[in-house]
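Chemist: My questions all concern the structure below.
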Amino acid sequence: MTFTNIIVLAVVSLAAGAVPRARRWILCAASLLAVYFLQPALPVRYLDFWLPTASIGIAAAVWALTAAKPDPAGRRFSAEDGKAALLLALVVLAAAATRYLDASFLTPSRPPDIGWAGLGLAVSLGAAFLLRRASPGRRILGAAILVILALLVVLKTDELARTAAALLRRGSGQDPALAAAADIRWLGFSYIAFRLIHALRDRMTGRLPDCTLSEFLTYAVFFPAVTAGPIDRVERFLKDLRSDSVRLSDSFFPGGERVVAGIFKKFVLADGLAIIALNAANAAQATGAAWMWLLLYAYAFRIYFDFSGYTDIALGLGRWAGISLPENFRRPYLQPNLTAFWNSWHITLAQWFRSYFFNPLTRALRSSPRNISMGAIILIGQLATMGLIGLWHGVSWNFLIWGLWHGAGLFIHNRWSEWSRTWMPRLERRPAWKKAYTAASTLATFQFVVLGWVWFALPNVGASAQVFLRLFGIPG
Amino acid sequence: MADRNRFFRNVLIKAAILFLAVNAVFAAVDFLPALGRISIYNRLIPGRMRLPYGEHPESDYNLSLFNLEAMFAAHEVAARPEPGGFRVVLVGDSSTWGFLLRPEETLAARINVESNGALRVYNLGYPTMSATKDLLMLKYAMRYEPDLVIWLLTLESLPQGKQLASPILQHNAGEVRSLIARYGLASDPEDPRLLEPTVWDRTLVGERRELADLIRLQMYGFLWAATGVDHSIPAEFDPPQRDLDAKTDFYGREGPAFAEGDLAFDVLAAGRELAGGVPLWIVNEPVYVSDGANSDIRYNFFYPRWAYDDYRSLLAGWCSRNQIRLFDYWDLIPPEEFSNSAIHRTPVGEAMLADRLLAAFIKEKDER
């Protein structure tokens, strides 16, 4: 998000907060428009129109799969759903219609012919209509999850993304030899996908609350959170969205505080630190261990201020619009152990994986006929979960190792907690020792996390291993 | 909640008043020079071996800015001098600065190494070709009390019409006008290329870019200190143009000779005056001499033969009349030791020039 993007979204949030009666529709329309507005320009012709349209279309299809059972009169679509479908159609057509204006202000580049946009829209809405009529069972819901995961895997795997880009380039009459993974930068799909999987999975387990099409679309592509989260839960989001007691006078200053803090973190601290943050080029050029540590610390604080700054902005904008998005960061670098770190770093992602992967996996392992020890269950659960969190950032060895690094750290902390249970109460009785222990464990946790960033920041295992050696004064 | 809102409202009002006041004060007083002198260089981290200049800051770990105070504060020349050292400053264009050379390969660095500590040479060259730009750098260099000034020149820095073409001059209009007035230079003090900031430009908001550049200069300092890199050198670049166009004019003038006032000898005279009692050497820097197409009428991309020959003759005469040591090294470097232009030298070419200058220095010392 650029500073200009933030200003525009702030105006929309304030407008939504200032007009409570129209708030839900303003948020729905703004969120749909924001998917186009925030999408970066792409080199494949019209792709920066089709990807936002696909986000909306997939969200509508998932709503159709997960929406409530027909009402007693057998109606599957309420009047409100009809209005939402009309709004969706208007937004897509309006985005396409900017093709005929001199300057396209809504889409990053010239959209396709409105006829093609209309056809795409008809296919999306037609699919949603058919899915809604079909009353799909668990298999269809499971298949939908697999389709979304498959899309994520393609986007996150360089080679697959490049192949997909080559196909798209060929389809649009462009040279496939120029295809690159970055050709398919799909705005916010990593977050949209997890919201949609959450909805599908909760529908399978019967926990998903009923919601209208406009509510679901707003949830899936809510404009403050579409680019970088947080990943909210449907039931919590709906509570705020349906609230009648939203008053901008109550949220103006608290929301403003978060927005200003976020802008400062992102554009002053993070962008300033970005200059000296560790990367492949400066890692190869740094001349001594002390300087290498400086670059690494700069990276650690840069990534924190960047991500938590975006989250602050999202929370502030959401607050203005009457939606209290969940916190994503709570002083992560001041936590006394790795478990506490993961309860305060990218909280909503960690919670998502805990709910939909770690807990089911450890439950399954516990109930396995093989008698697996608790230690082994925790080790498998932590390594698998953190490995997947690593791969969510991109399918590469480095992200996988970063995830496993944290998985191993969480397991070690778990065992340490078990072991220290016997003597910890004695420590608790001596405040000075307890303070020293907490300070030392906080420092150790921070150092562990910082060292983990070496895997995250660099593009390959060799470069990361070299940096590790050089951090400890060993020539790489 | 009402109390909290009142608190925030008061914060907003006070912030707005402070914001307006600070902007008004910034517009009234030029803080940029004073802020430029605040630097981590030479304190927390080593000073740069050449003046800040960078076309690709993210890979150069360096950037171009127009705050001369900040530029010199970031340079090693601003560090406390070692007692007893013989301090030499080099001024000149991008070839003196060391374009496409690592900091340890530049002329100044080579002489430092080869003199075994007898000389302390500071590279105050700066890319863009204008003698007036060199004069401005010399003005700042004199603050650091050099024992010798070496001014590396080439004809391209001397046309009167080019004197104010350098962006660093245009963004330091006050300094340039002061030089024009003090030394009676031929350049027009009202030249529209000299940028006069408006009141808005001088506010805190108007100067945000300059302020951000000051911070970026400090931040890039950490990378300079960590890596020793201040200029990213591409793996491949085009060599100087060997086959030349059959043009014989130099900035619109045809030969066989320059008219009086075509070249900025007034700026050289100002440099001599500015140096005061400090010896000033002028070096006619080496140029690429082509043997390709049309090399019978041109030496290289920059110079028709008549213009360059006449310049050398005029420069020699002027230096002789003004009792200034001239070292005319125009053909010292073989063509293969130029990197990407008719004036940029390779490390080997740089070493050849360094040897010659050091020999001249030793000879001068022995004669004294």
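Ordered as shown in the structure tokens, chains take letters A, B, and onward, while each chain numbers its residues from 1 and ligands are numbered from 1 in the order shown.
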Per residue of chain B within 9 Å of chain A, what are the shortest atom pair and its distance in Å to one decimal, counting only C-alpha atoms, with rows by chain and residue number, as JSON lines?

Modeler:
```
{"residue": "B:Met1", "atom": "CA", "partner": "A:Asp250", "partner_atom": "CA", "distance": 7.1}
{"residue": "B:Ala2", "atom": "CA", "partner": "A:Asp250", "partner_atom": "CA", "distance": 8.7}
{"residue": "B:Arg4", "atom": "CA", "partner": "A:Phe253", "partner_atom": "CA", "distance": 8.3}
{"residue": "B:Asn5", "atom": "CA", "partner": "A:Phe253", "partner_atom": "CA", "distance": 6.7}
{"residue": "B:Phe8", "atom": "CA", "partner": "A:Phe253", "partner_atom": "CA", "distance": 6.3}
{"residue": "B:Arg9", "atom": "CA", "partner": "A:Phe253", "partner_atom": "CA", "distance": 8.2}
{"residue": "B:Glu58", "atom": "CA", "partner": "A:Ile275", "partner_atom": "CA", "distance": 7.1}
{"residue": "B:Ser59", "atom": "CA", "partner": "A:Ala281", "partner_atom": "CA", "distance": 8.1}
{"residue": "B:Tyr61", "atom": "CA", "partner": "A:Ile275", "partner_atom": "CA", "distance": 8.4}
{"residue": "B:Ile215", "atom": "CA", "partner": "A:Gly272", "partner_atom": "CA", "distance": 8.3}
{"residue": "B:Arg216", "atom": "CA", "partner": "A:Gly272", "partner_atom": "CA", "distance": 7.4}
{"residue": "B:Met219", "atom": "CA", "partner": "A:Ile275", "partner_atom": "CA", "distance": 6.7}
{"residue": "B:Tyr220", "atom": "CA", "partner": "A:Ile275", "partner_atom": "CA", "distance": 6.7}
{"residue": "B:Phe222", "atom": "CA", "partner": "A:Ile276", "partner_atom": "CA", "distance": 7.0}
{"residue": "B:Leu223", "atom": "CA", "partner": "A:Ile276", "partner_atom": "CA", "distance": 6.2}
{"residue": "B:Ala225", "atom": "CA", "partner": "A:Trp291", "partner_atom": "CA", "distance": 8.1}
{"residue": "B:Ala226", "atom": "CA", "partner": "A:Ala286", "partner_atom": "CA", "distance": 5.1}
{"residue": "B:Thr227", "atom": "CA", "partner": "A:Ala286", "partner_atom": "CA", "distance": 4.4}
{"residue": "B:Gly228", "atom": "CA", "partner": "A:Thr287", "partner_atom": "CA", "distance": 7.8}
{"residue": "B:Val229", "atom": "CA", "partner": "A:Gln285", "partner_atom": "CA", "distance": 7.9}
```

Chemist: Could you please take those selected residues and save C-alpha atoms as a CSV table (one decimal), in the first residue's frame?

Modeler:
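Dumped to selection-v1.csv:
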```csv
chain,number,residue,atom,x,y,z
B,1,MET,CA,-14.7,8.6,26.5
B,2,ALA,CA,-15.5,12.3,26.5
B,4,ARG,CA,-10.3,10.9,26.0
B,5,ASN,CA,-11.8,12.7,23.0
B,8,PHE,CA,-7.1,13.9,21.5
B,9,ARG,CA,-8.7,17.0,20.2
B,58,GLU,CA,20.3,0.8,-3.1
B,59,SER,CA,23.3,-0.8,-4.7
B,61,TYR,CA,25.2,2.5,-0.7
B,215,ILE,CA,18.9,10.7,7.0
B,216,ARG,CA,19.4,8.4,4.1
B,219,MET,CA,21.8,5.2,6.9
B,220,TYR,CA,23.8,4.4,3.8
B,222,PHE,CA,26.4,2.0,7.9
B,223,LEU,CA,26.4,0.0,4.6
B,225,ALA,CA,31.2,1.1,6.8
B,226,ALA,CA,30.0,-2.5,6.7
B,227,THR,CA,31.0,-3.2,3.1
B,228,GLY,CA,33.5,-0.6,1.9
B,229,VAL,CA,31.3,-0.2,-1.2
```

Chemist: Env of Ile282 (chain B): 6 Å cut, atoms = only C-alpha atoms, seq-sep filter 3 positions within chain, self excluded. Answer as a list in words.

Modeler: Ile150, Trp151, Leu152 and Leu326 of chain B

Chemist: Create the file for the chosen residues now, containing N, CA and C atoms and written as a PDB file, in the first residue's frame.

Modeler:
```
ATOM      1  N   ILE B 150      45.440  20.089  -6.006  1.00  0.00           N
ATOM      2  CA  ILE B 150      45.649  19.619  -7.385  1.00  0.00           C
ATOM      3  C   ILE B 150      44.294  19.638  -8.082  1.00  0.00           C
ATOM      4  N   TRP B 151      44.233  20.406  -9.159  1.00  0.00           N
ATOM      5  CA  TRP B 151      42.968  20.579  -9.890  1.00  0.00           C
ATOM      6  C   TRP B 151      43.120  19.830 -11.212  1.00  0.00           C
ATOM      7  N   LEU B 152      42.359  18.757 -11.363  1.00  0.00           N
ATOM      8  CA  LEU B 152      42.411  17.983 -12.613  1.00  0.00           C
ATOM      9  C   LEU B 152      41.344  18.512 -13.555  1.00  0.00           C
ATOM     10  N   LEU B 326      51.695  23.426 -14.306  1.00  0.00           N
ATOM     11  CA  LEU B 326      50.778  22.672 -15.162  1.00  0.00           C
ATOM     12  C   LEU B 326      51.426  21.333 -15.502  1.00  0.00           C
TER      13      LEU B 326
END
```

Chemist: Run DSSP on the backbone and give me the residues of region 22-247 of chain B it puts in alpha helix (DSSP H), as a PyMOL selection string.

Modeler: chain B and resi 22-28+32-37+57-60+68-73+94-97+107-114+131-141+167-170+173-183+199-202+208-227

Chemist: Any chance you could tabulate, as JSON lines, the residues of region 280-335 of chain B at most 12 Å from region 93-105 of chain B with each one's nearest atom pair and distance in Å to one decimal, using only C-alpha atoms, in chain and rising number order?

Modeler:
```
{"residue": "B:Val283", "atom": "CA", "partner": "B:Thr96", "partner_atom": "CA", "distance": 10.9}
{"residue": "B:Asn284", "atom": "CA", "partner": "B:Thr96", "partner_atom": "CA", "distance": 11.7}
{"residue": "B:Glu285", "atom": "CA", "partner": "B:Ser95", "partner_atom": "CA", "distance": 8.7}
{"residue": "B:Pro286", "atom": "CA", "partner": "B:Ser95", "partner_atom": "CA", "distance": 9.6}
{"residue": "B:Val287", "atom": "CA", "partner": "B:Ser95", "partner_atom": "CA", "distance": 10.2}
```

Chemist: Show which residues sit within 7 Å of Ala354 (chain B), as an NGL selection string. Count only C-alpha atoms, and ignore same-chain residues fewer than 2 positions away.

Modeler: :B and (107 or 110-111 or 350-352 or 356-358)

Chemist: Using C-alpha atoms, can you write the selected residues to a file as a PDB file, in the first residue's frame?

Modeler:
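Written out: out_9.pdb:
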```
ATOM      1  CA  LEU B 107      43.747   8.369  -8.002  1.00  0.00           C
ATOM      2  CA  ARG B 110      46.592   5.109  -5.218  1.00  0.00           C
ATOM      3  CA  ILE B 111      48.820   8.074  -4.362  1.00  0.00           C
ATOM      4  CA  GLU B 350      44.682   5.286 -12.597  1.00  0.00           C
ATOM      5  CA  ALA B 351      47.893   3.741 -11.262  1.00  0.00           C
ATOM      6  CA  MET B 352      49.863   5.173 -14.193  1.00  0.00           C
ATOM      7  CA  ARG B 356      53.429  10.222 -12.558  1.00  0.00           C
ATOM      8  CA  LEU B 357      51.897  12.641 -10.059  1.00  0.00           C
ATOM      9  CA  LEU B 358      53.786  11.132  -7.169  1.00  0.00           C
TER      10      LEU B 358
END
```

Chemist: Mind the document's chain letters and residue numbers, and return as a list of chain:residue names the residues of region 54-106 of chain B that DSSP labels strand (DSSP E or B).

Modeler: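 Listing strand (DSSP E or B) positions across region 54-106 of chain B yields B:His75, B:Phe86, B:Arg87, B:Val88, B:Val89, B:Leu90, B:Val91.
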
Chemist: Just the residues within 12 Å of Phe267 (chain A), please, counting only C-alpha atoms, with nothing from its chain fewer than 4 positions along; format it as JSON, numbers by chain.

Modeler: {"A": [1, 2, 3, 6, 259, 260, 261, 262, 263, 271, 272, 273, 274, 302, 305, 306, 307, 308, 309, 310, 313], "B": [212]}

Chemist: Could you name the residues that touch region 137-145 of chain B at 9 Å or less, counting only C-alpha atoms, but leaving out those on the same chain fewer than 6 positions away, as a PyMOL selection string?

Modeler: chain B and resi 68-69+72+77-78+81+87+89-92+124-126+151+271+274-275+278

Chemist: Just write the chosen residues, C-alpha atoms, as a compact mmCIF listing (two decimals), in the first residue's frame.

Modeler:
```
# COMPACT_ATOMS: atom_id res chain seq x y z
CA LEU B 68 27.40 20.60 0.57
CA GLU B 69 27.79 20.73 4.34
CA PHE B 72 31.79 17.30 3.23
CA VAL B 77 38.59 15.12 4.87
CA ALA B 78 36.36 16.34 7.73
CA PRO B 81 43.78 15.67 10.76
CA ARG B 87 47.49 17.24 3.10
CA VAL B 89 43.19 17.82 -2.01
CA LEU B 90 42.20 16.73 -5.50
CA VAL B 91 39.34 18.49 -7.25
CA GLY B 92 37.97 17.54 -10.61
CA LEU B 124 37.22 15.81 -3.59
CA GLY B 125 36.38 15.18 -7.21
CA TYR B 126 32.71 15.21 -8.08
CA TRP B 151 42.97 20.58 -9.89
CA GLY B 271 40.58 29.13 -8.05
CA LEU B 274 40.77 31.11 -3.53
CA ALA B 275 43.76 28.86 -2.87
CA VAL B 278 48.46 27.23 -0.88
```
